[in-house]
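Asker: This is the structure I have questions about; it appears just below.
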Amino acid sequence: MRPLLHPLAAPLLAVGLSASYAAAQQCRPVMDPVQRPVEGAVMRMAPATYRVGDSTYTTNVFNGQFVAPTLTMQPGQAVNMSVVNAMRPTSHQTAADVAVTNYHYHGLVVTPRPDGGDNVTHVAIPTGAPARRYNFPVPVYHTQGMFWYHPHPHGLTGSQVAGGLSGALMIGSILRYFPQYRGVRERTLLIRDMSFSFASPTMLNINGSTCALLPVAPGEHQLWHIGNFNANHFVNLKLRGMRWTLLALDGNPLARAEEVDSLYLPPGSRAQVIVTGPAAGRRVELYTDTIFPNAPRATLGYLVGTPSRSARRVSRPAPAGRDDAVLDTLRFLTEAVNVNRHTFRYQFLGDSAGVNDTIYAPNHPPVSMPWGQVQEWTIVNETQFLHTFHIHQTDFAVISVNGRPANEGRLRDNIPIGVHRDASGKTVGDTVVIRFVFEPIAAGPFVFHCHVLQHEDEGMMHNVCVYDPRDPNGRQKCNAMFTSAAGHAGH
Ligand SMILES: [Cu+2]
């Protein structure tokens, strides 16, 4: 299923083809995903035929739509829905690729319990199995913003996500923290790459369009929910000659809105931004810029100045707000003295990928810890490729990147673990230090991994388990949950 090498040139060539392809074809307005409440949703995975740009694909998607529905809910509500695996092999997916699946609620701080929670280690939904029920509470204090859902069966995630099995999940509204923008038009823009492996051609698209036209009235403010739901590719989004007003990253509000030139989003990350319409008739290019060492520039579409009567302009935006909860969390994590330290090294091991000299297997012992204990983890990239660090059931603060304090002023659930040039000009992997603390609700089994899905599928993943600090057998129970043959789904 994977090429023998980790070819530096393949992604470059693939995205390059996509860029020239986009330039040659017609640009079109894009539709937003339909919205539907999470309550009672039935998400059915089955083949459908659809167009991306000027190409026709048949792959397994949710509910017959390549652009999957946006699921909506309020904090304090329960996720109460079901998932059906009616997948079949397609021209891009073998029978093995679609034989089993599960469902992950990316970014949610909720229970990972296997009996109906957000669990990917002990849940397997084989093809033709009865509908799998998910039923768990989302706390009333949960952060509001943009999250997403996608299958997460080890070894098969890349192929299933690349074929369109991903969608947005909105909890409340990010405008709870930025009320000055209430009432503006909102758009949900999902970037996907059709990247079944590094060797397959990449077809970067926004909601299925390889050249999206996005009308905005002159001076109008719009709130865009942007998800990088690519299987494998990073993006560095820019509006030529304009800036973004960044409100949130990975479903986490910034302490205050920031004006930024670019949105550097690894696969799996989300940005919620305000854009401002250009002059009537003016087109502003939306593109992903080059990323060191191997991602080229590519046009994704255009913002088009289009007069409209209903456009809402925030004539006097309120002074940038401060979210004291964000600052309090960051201060708590940064100033913690008694922290538990771990180091995890990302590696290519032969034809596979791994962490700390180990290729992932479902029955490997987890890194276990009690909830409430501040963690300081150092992630070292021992390769010359781009990776990410994503952990389930929590957000984290970035403390330093290559020894330099990060001071990001925000929490994330996914961080690039990239590369840089050292003093001699050699390309070397980054070292990133993060801090986080698990809440009691996170107790149970889950994983951390690289969100470049081909790497994850090749083994760049690690089991994690959180236990109750009052339970003297908590650590042993965590170990048994993974290592006992009967306990886990396995693949
Ligand atoms: Cu990776």
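As shown in the structure tokens, the chain order sets the letters A, B, ...; within each chain, residues go from 1, and ligands are also counted from 1 in the order they appear.
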Fewer than 4 positions away in the same chain doesn't count, so skip those; otherwise give me all residues within 12 Å of region 306-314 of chain A, counting only C-alpha atoms, as a PDB file with N, CA and C atoms, in the first residue's frame.
Answerer:
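Generated output (result.pdb):
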```pdb
ATOM      1  N   PHE A 178     -16.079  36.731  20.223  1.00  0.00           N
ATOM      2  CA  PHE A 178     -15.831  37.923  19.396  1.00  0.00           C
ATOM      3  C   PHE A 178     -17.175  38.499  18.937  1.00  0.00           C
ATOM      4  N   PRO A 179     -17.972  38.991  19.904  1.00  0.00           N
ATOM      5  CA  PRO A 179     -19.352  39.390  19.578  1.00  0.00           C
ATOM      6  C   PRO A 179     -19.428  40.555  18.603  1.00  0.00           C
ATOM      7  N   GLN A 180     -18.325  41.289  18.427  1.00  0.00           N
ATOM      8  CA  GLN A 180     -18.390  42.428  17.494  1.00  0.00           C
ATOM      9  C   GLN A 180     -18.677  41.978  16.061  1.00  0.00           C
ATOM     10  N   TYR A 181     -18.465  40.690  15.766  1.00  0.00           N
ATOM     11  CA  TYR A 181     -18.694  40.203  14.396  1.00  0.00           C
ATOM     12  C   TYR A 181     -20.012  39.444  14.260  1.00  0.00           C
ATOM     13  N   ARG A 182     -20.864  39.488  15.286  1.00  0.00           N
ATOM     14  CA  ARG A 182     -22.144  38.752  15.191  1.00  0.00           C
ATOM     15  C   ARG A 182     -22.953  39.264  14.010  1.00  0.00           C
ATOM     16  N   GLY A 183     -23.561  38.316  13.279  1.00  0.00           N
ATOM     17  CA  GLY A 183     -24.429  38.695  12.164  1.00  0.00           C
ATOM     18  C   GLY A 183     -23.733  38.721  10.816  1.00  0.00           C
ATOM     19  N   VAL A 184     -22.410  38.550  10.781  1.00  0.00           N
ATOM     20  CA  VAL A 184     -21.722  38.538   9.472  1.00  0.00           C
ATOM     21  C   VAL A 184     -22.009  37.214   8.769  1.00  0.00           C
ATOM     22  N   ARG A 185     -21.840  37.192   7.451  1.00  0.00           N
ATOM     23  CA  ARG A 185     -22.034  35.949   6.704  1.00  0.00           C
ATOM     24  C   ARG A 185     -20.922  34.964   7.060  1.00  0.00           C
ATOM     25  N   GLU A 186     -21.291  33.693   7.211  1.00  0.00           N
ATOM     26  CA  GLU A 186     -20.305  32.672   7.555  1.00  0.00           C
ATOM     27  C   GLU A 186     -20.172  31.673   6.417  1.00  0.00           C
ATOM     28  N   LEU A 213     -14.350  30.461  -6.495  1.00  0.00           N
ATOM     29  CA  LEU A 213     -14.659  31.894  -6.503  1.00  0.00           C
ATOM     30  C   LEU A 213     -15.478  32.204  -5.257  1.00  0.00           C
ATOM     31  N   LEU A 214     -14.995  33.184  -4.465  1.00  0.00           N
ATOM     32  CA  LEU A 214     -15.600  33.472  -3.163  1.00  0.00           C
ATOM     33  C   LEU A 214     -16.024  34.936  -3.131  1.00  0.00           C
ATOM     34  N   PRO A 215     -17.314  35.225  -3.444  1.00  0.00           N
ATOM     35  CA  PRO A 215     -17.756  36.615  -3.507  1.00  0.00           C
ATOM     36  C   PRO A 215     -17.881  37.246  -2.119  1.00  0.00           C
ATOM     37  N   VAL A 216     -17.359  38.456  -1.984  1.00  0.00           N
ATOM     38  CA  VAL A 216     -17.477  39.245  -0.754  1.00  0.00           C
ATOM     39  C   VAL A 216     -17.725  40.683  -1.189  1.00  0.00           C
ATOM     40  N   ALA A 217     -18.701  41.361  -0.585  1.00  0.00           N
ATOM     41  CA  ALA A 217     -18.994  42.743  -0.971  1.00  0.00           C
ATOM     42  C   ALA A 217     -17.863  43.667  -0.503  1.00  0.00           C
ATOM     43  N   PRO A 218     -17.640  44.754  -1.209  1.00  0.00           N
ATOM     44  CA  PRO A 218     -16.580  45.691  -0.790  1.00  0.00           C
ATOM     45  C   PRO A 218     -16.784  46.128   0.661  1.00  0.00           C
ATOM     46  N   GLY A 219     -15.780  45.923   1.479  1.00  0.00           N
ATOM     47  CA  GLY A 219     -15.840  46.321   2.890  1.00  0.00           C
ATOM     48  C   GLY A 219     -16.612  45.369   3.777  1.00  0.00           C
ATOM     49  N   GLU A 220     -17.265  44.374   3.179  1.00  0.00           N
ATOM     50  CA  GLU A 220     -18.030  43.405   3.988  1.00  0.00           C
ATOM     51  C   GLU A 220     -17.087  42.529   4.816  1.00  0.00           C
ATOM     52  N   HIS A 221     -17.513  42.201   6.036  1.00  0.00           N
ATOM     53  CA  HIS A 221     -16.776  41.215   6.834  1.00  0.00           C
ATOM     54  C   HIS A 221     -17.470  39.874   6.717  1.00  0.00           C
ATOM     55  N   GLN A 222     -16.705  38.820   6.468  1.00  0.00           N
ATOM     56  CA  GLN A 222     -17.230  37.454   6.486  1.00  0.00           C
ATOM     57  C   GLN A 222     -16.389  36.611   7.437  1.00  0.00           C
ATOM     58  N   LEU A 223     -17.052  35.672   8.087  1.00  0.00           N
ATOM     59  CA  LEU A 223     -16.361  34.734   8.968  1.00  0.00           C
ATOM     60  C   LEU A 223     -16.183  33.424   8.202  1.00  0.00           C
ATOM     61  N   ILE A 274     -11.689  36.317   9.957  1.00  0.00           N
ATOM     62  CA  ILE A 274     -12.524  37.330   9.321  1.00  0.00           C
ATOM     63  C   ILE A 274     -11.799  37.803   8.066  1.00  0.00           C
ATOM     64  N   VAL A 275     -12.524  37.816   6.927  1.00  0.00           N
ATOM     65  CA  VAL A 275     -11.981  38.428   5.716  1.00  0.00           C
ATOM     66  C   VAL A 275     -12.802  39.674   5.419  1.00  0.00           C
ATOM     67  N   THR A 276     -12.174  40.611   4.728  1.00  0.00           N
ATOM     68  CA  THR A 276     -12.825  41.875   4.395  1.00  0.00           C
ATOM     69  C   THR A 276     -12.849  42.008   2.885  1.00  0.00           C
ATOM     70  N   GLY A 277     -14.036  42.316   2.328  1.00  0.00           N
ATOM     71  CA  GLY A 277     -14.205  42.338   0.871  1.00  0.00           C
ATOM     72  C   GLY A 277     -13.373  43.402   0.181  1.00  0.00           C
ATOM     73  N   PRO A 278     -12.789  43.071  -0.976  1.00  0.00           N
ATOM     74  CA  PRO A 278     -12.025  44.045  -1.759  1.00  0.00           C
ATOM     75  C   PRO A 278     -12.959  44.932  -2.585  1.00  0.00           C
ATOM     76  N   ALA A 279     -12.398  45.915  -3.281  1.00  0.00           N
ATOM     77  CA  ALA A 279     -13.179  46.838  -4.114  1.00  0.00           C
ATOM     78  C   ALA A 279     -13.984  46.057  -5.154  1.00  0.00           C
ATOM     79  N   ALA A 280     -15.107  46.625  -5.581  1.00  0.00           N
ATOM     80  CA  ALA A 280     -15.984  45.961  -6.545  1.00  0.00           C
ATOM     81  C   ALA A 280     -15.197  45.558  -7.786  1.00  0.00           C
ATOM     82  N   GLY A 281     -15.374  44.320  -8.201  1.00  0.00           N
ATOM     83  CA  GLY A 281     -14.718  43.836  -9.417  1.00  0.00           C
ATOM     84  C   GLY A 281     -13.306  43.335  -9.209  1.00  0.00           C
ATOM     85  N   ARG A 282     -12.713  43.618  -8.042  1.00  0.00           N
ATOM     86  CA  ARG A 282     -11.322  43.209  -7.820  1.00  0.00           C
ATOM     87  C   ARG A 282     -11.271  41.742  -7.411  1.00  0.00           C
ATOM     88  N   ARG A 283     -10.262  41.030  -7.931  1.00  0.00           N
ATOM     89  CA  ARG A 283     -10.040  39.628  -7.566  1.00  0.00           C
ATOM     90  C   ARG A 283      -8.777  39.527  -6.735  1.00  0.00           C
ATOM     91  N   VAL A 284      -8.870  38.847  -5.613  1.00  0.00           N
ATOM     92  CA  VAL A 284      -7.705  38.654  -4.748  1.00  0.00           C
ATOM     93  C   VAL A 284      -7.401  37.158  -4.707  1.00  0.00           C
ATOM     94  N   TYR A 302     -10.169  32.554  -5.694  1.00  0.00           N
ATOM     95  CA  TYR A 302     -10.132  34.017  -5.657  1.00  0.00           C
ATOM     96  C   TYR A 302     -11.252  34.560  -4.796  1.00  0.00           C
ATOM     97  N   ALA A 318     -15.377  46.453  17.733  1.00  0.00           N
ATOM     98  CA  ALA A 318     -15.044  46.717  19.136  1.00  0.00           C
ATOM     99  C   ALA A 318     -13.549  46.484  19.325  1.00  0.00           C
ATOM    100  N   PRO A 319     -12.949  47.144  20.305  1.00  0.00           N
ATOM    101  CA  PRO A 319     -11.533  46.895  20.555  1.00  0.00           C
ATOM    102  C   PRO A 319     -11.310  45.390  20.748  1.00  0.00           C
TER     103      PRO A 319
END
```
Asker: With a distance cut-off of 9 Å and only C-alpha atoms, select the neighbouring residues of Ser368 (chain A), excluding the residue or stretch itself and same-chain residues fewer than 4 positions from it, and output the selection as a ChimeraX atom specification.
Answerer: /A:463-467,474-475,478-479
Asker: List as a list in words the protein and nucleic acid residues near Val161 (chain A), meaning an atom at most 8 Å away when only C-alpha atoms are counted, but skip any in the same chain fewer than 4 places from it.
Answerer: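 Residues meeting the cut-off are His150, Pro151, Thr157, Leu165, Ser166, Asn230 and Ala231 of chain A.
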Asker: Ranking A:Asn252, A:Gln476, A:Asn414, A:Asn80 by minimum distance to ligand 1 and counting only C-alpha atoms and all ligand atoms, which one comes first?
Answerer: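 So, comparing all the options, the nearest one is A:Asn414.
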Asker: Would you tabulate, counting only C-alpha atoms, all residues of region 62-102 of chain A that have an atom at most 12 Å from an atom of region 50-55 of chain A, showing the closest pair of atoms and their distance in Å to one decimal, sorted by chain then ascending number, as a tab-separated table?
Answerer:
```
residue	atom	partner	partner_atom	distance
A:Gly64	CA	A:Tyr50	CA	9.2
A:Gln65	CA	A:Tyr50	CA	7.9
A:Phe66	CA	A:Tyr50	CA	6.7
A:Val67	CA	A:Tyr50	CA	9.7
```
Asker: Dump the neighbourhood of ligand 1 as a ChimeraX atom specification: all residues within 12 Å, distances computed on only C-alpha atoms and all ligand atoms.
Answerer: /A:6,158,198,231-234,266-268,345-348,352-355,379-390,414-419,429,448-461
Asker: Kindly save the residues from that selection, with N, CA and C atoms included, as a compact mmCIF listing (two decimals), in the first residue's frame.
Answerer:
```
# COMPACT_ATOMS: atom_id res chain seq x y z
N HIS A 6 10.54 7.28 0.80
CA HIS A 6 9.83 8.51 1.17
C HIS A 6 10.30 9.57 0.19
N GLY A 158 -5.59 7.01 6.06
CA GLY A 158 -5.22 7.86 4.94
C GLY A 158 -6.11 7.62 3.73
N PHE A 198 1.50 9.32 -0.97
CA PHE A 198 2.39 10.36 -1.49
C PHE A 198 2.60 10.17 -3.00
N ALA A 231 -5.33 14.70 3.56
CA ALA A 231 -4.77 13.50 4.15
C ALA A 231 -3.30 13.73 4.51
N ASN A 232 -2.57 14.39 3.62
CA ASN A 232 -1.11 14.43 3.78
C ASN A 232 -0.45 15.80 3.67
N HIS A 233 -1.14 16.80 3.14
CA HIS A 233 -0.43 18.02 2.76
C HIS A 233 -0.68 19.21 3.68
N PHE A 234 0.40 19.92 3.98
CA PHE A 234 0.35 21.19 4.71
C PHE A 234 -0.11 22.29 3.74
N PRO A 266 -1.14 22.71 9.30
CA PRO A 266 -0.80 21.32 8.99
C PRO A 266 -2.09 20.53 8.78
N PRO A 267 -2.02 19.36 8.14
CA PRO A 267 -3.23 18.56 7.97
C PRO A 267 -3.87 18.28 9.33
N GLY A 268 -5.19 18.54 9.42
CA GLY A 268 -5.92 18.33 10.67
C GLY A 268 -6.24 19.62 11.41
N ARG A 345 10.49 10.72 19.90
CA ARG A 345 11.27 10.97 18.67
C ARG A 345 10.54 10.37 17.47
N TYR A 346 10.29 11.22 16.45
CA TYR A 346 9.65 10.79 15.21
C TYR A 346 10.73 10.26 14.26
N GLN A 347 10.46 9.08 13.70
CA GLN A 347 11.50 8.43 12.87
C GLN A 347 10.88 7.70 11.69
N PHE A 348 11.68 7.53 10.64
CA PHE A 348 11.37 6.55 9.61
C PHE A 348 12.19 5.31 9.94
N SER A 352 8.77 1.83 7.16
CA SER A 352 7.68 2.29 8.00
C SER A 352 8.07 3.56 8.74
N ALA A 353 7.18 4.00 9.61
CA ALA A 353 7.44 5.18 10.42
C ALA A 353 7.15 4.80 11.86
N GLY A 354 7.77 5.54 12.80
CA GLY A 354 7.56 5.16 14.19
C GLY A 354 7.91 6.27 15.15
N VAL A 355 7.79 5.92 16.44
CA VAL A 355 8.09 6.81 17.54
C VAL A 355 9.01 6.05 18.50
N ILE A 379 8.92 16.83 21.51
CA ILE A 379 8.77 16.06 20.29
C ILE A 379 9.95 16.39 19.37
N VAL A 380 10.72 15.37 19.02
CA VAL A 380 11.92 15.56 18.21
C VAL A 380 11.70 14.94 16.84
N ASN A 381 11.91 15.71 15.79
CA ASN A 381 11.79 15.19 14.42
C ASN A 381 13.17 14.70 13.98
N GLU A 382 13.35 13.40 13.94
CA GLU A 382 14.64 12.83 13.52
C GLU A 382 14.66 12.56 12.03
N THR A 383 13.69 13.09 11.27
CA THR A 383 13.66 12.93 9.81
C THR A 383 13.86 14.31 9.17
N GLN A 384 13.88 14.32 7.85
CA GLN A 384 13.99 15.60 7.13
C GLN A 384 12.67 15.96 6.46
N PHE A 385 11.56 15.45 7.00
CA PHE A 385 10.24 15.68 6.40
C PHE A 385 9.33 16.41 7.38
N LEU A 386 8.23 16.92 6.84
CA LEU A 386 7.25 17.61 7.67
C LEU A 386 6.36 16.60 8.39
N HIS A 387 6.13 16.83 9.67
CA HIS A 387 5.20 16.03 10.45
C HIS A 387 4.33 16.96 11.28
N THR A 388 3.39 16.35 12.02
CA THR A 388 2.64 17.12 13.01
C THR A 388 2.55 16.28 14.27
N PHE A 389 2.27 16.95 15.38
CA PHE A 389 1.94 16.24 16.62
C PHE A 389 0.49 16.57 16.94
N HIS A 390 -0.34 15.52 17.00
CA HIS A 390 -1.75 15.68 17.39
C HIS A 390 -2.05 14.69 18.50
N ASN A 414 -2.92 20.48 17.42
CA ASN A 414 -2.10 19.95 16.33
C ASN A 414 -1.02 20.98 16.05
N ILE A 415 0.25 20.54 15.97
CA ILE A 415 1.36 21.49 15.77
C ILE A 415 2.32 20.91 14.74
N PRO A 416 2.76 21.74 13.77
CA PRO A 416 3.77 21.23 12.83
C PRO A 416 5.05 20.84 13.56
N ILE A 417 5.58 19.68 13.21
CA ILE A 417 6.92 19.29 13.67
C ILE A 417 7.75 19.26 12.39
N GLY A 418 8.28 20.44 12.03
CA GLY A 418 8.86 20.62 10.71
C GLY A 418 10.36 20.46 10.67
N VAL A 419 10.97 21.21 9.78
CA VAL A 419 12.42 21.15 9.60
C VAL A 419 12.95 22.58 9.48
N GLY A 429 15.54 18.24 11.49
CA GLY A 429 14.21 18.25 12.05
C GLY A 429 14.09 19.18 13.25
N PHE A 448 -1.69 9.51 20.52
CA PHE A 448 -1.15 10.69 19.84
C PHE A 448 -0.48 10.20 18.58
N HIS A 449 -0.36 11.09 17.57
CA HIS A 449 0.21 10.66 16.29
C HIS A 449 0.54 11.84 15.40
N CYS A 450 1.26 11.54 14.33
CA CYS A 450 1.49 12.51 13.25
C CYS A 450 0.22 12.55 12.41
N HIS A 451 -0.29 13.76 12.08
CA HIS A 451 -1.52 13.86 11.29
C HIS A 451 -1.26 13.87 9.78
N VAL A 452 -0.01 13.67 9.36
CA VAL A 452 0.24 13.29 7.96
C VAL A 452 -0.19 11.82 7.92
N LEU A 453 -1.32 11.55 7.28
CA LEU A 453 -1.97 10.25 7.55
C LEU A 453 -1.18 9.08 7.01
N GLN A 454 -0.40 9.29 5.95
CA GLN A 454 0.43 8.16 5.51
C GLN A 454 1.43 7.78 6.59
N HIS A 455 1.99 8.79 7.28
CA HIS A 455 2.92 8.50 8.37
C HIS A 455 2.21 7.79 9.53
N GLU A 456 1.02 8.29 9.87
CA GLU A 456 0.25 7.64 10.94
C GLU A 456 -0.01 6.17 10.60
N ASP A 457 -0.46 5.94 9.35
CA ASP A 457 -0.77 4.57 8.95
C ASP A 457 0.47 3.68 8.95
N GLU A 458 1.64 4.30 8.71
CA GLU A 458 2.88 3.52 8.70
C GLU A 458 3.42 3.29 10.11
N GLY A 459 2.82 3.91 11.11
CA GLY A 459 3.22 3.60 12.48
C GLY A 459 3.70 4.76 13.32
N MET A 460 3.56 6.02 12.84
CA MET A 460 4.00 7.17 13.63
C MET A 460 2.86 7.57 14.58
N MET A 461 2.61 6.70 15.53
CA MET A 461 1.49 6.85 16.46
C MET A 461 1.88 6.15 17.76
```
Asker: Could you check the closest approach to Val337 (chain A) for each of A:Thr70, A:Gln373, A:Gln144, A:Asn102 and tell me which residue wins, using only C-alpha atoms?
Answerer: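 Of A:Thr70, A:Gln373, A:Gln144, A:Asn102, the one nearest Val337 (chain A), counting only C-alpha atoms, is A:Gln373.
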Asker: CA of Glu39 (chain A) and CA of Leu190 (chain A), how far apart in Å?
Answerer: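 About the pair CA of Leu190 (chain A) and CA of Glu39 (chain A): they are 22.3 Å apart.
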Asker: Out of region 276-360 of chain A, which residues get strand (DSSP E or B) from DSSP, as a PyMOL selection string?
Answerer: chain A and resi 276+283-288+291+295+298-305+340-349+352-355+358
Asker: For a quick check of understanding, using only C-alpha atoms, which of A:His152, A:Arg132, A:His392, A:Arg176 has the smallest distance to Ala443 (chain A)?
Answerer: A:His392
Asker: I'd like to know which of A:Arg243, A:Ala248, A:Ala131, A:Val235 is closest to Val260 (chain A), using only C-alpha atoms.
Answerer: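 With only C-alpha atoms as the atom set, the closest residue is A:Arg243.
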Asker: Which is closest to Ser200 (chain A) among A:Pro472, A:His92, A:Asp261, A:Leu300, if we use only C-alpha atoms?
Answerer: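 Closest candidate: A:His92.
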Asker: So, with only C-alpha atoms as the atoms that count, which of A:Ala68, A:Val273, A:Met81, A:Leu249 lies closest to Met31 (chain A)?
Answerer: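 Of all the options, A:Ala68 lies closest to Met31 (chain A).
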Asker: What does the structure give for the distance between CA of Leu349 (chain A) and CA of Lys426 (chain A), in Å to one decimal?
Answerer: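 Separating CA of Leu349 (chain A) from CA of Lys426 (chain A) is a distance of 21.2 Å.
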Asker: Write out as a PyMOL selection string each polymer residue whose atoms come within 10 Å of region 121-130 of chain A, counting only C-alpha atoms; drop sequence neighbours fewer than 4 positions from it.
Answerer: chain A and resi 45-46+82-88+95+98-103+112-117+152-154+362-363+445-447+463-464+481-482+487-491
Asker: Pull the alpha helix (DSSP H) assignments for region 73-300 of chain A out of DSSP run on the backbone, and list those residues as a list of chain:residue names.
Answerer: A:Thr157, A:Gly158, A:Ser159, A:Gln160, A:Val161, A:Ala162
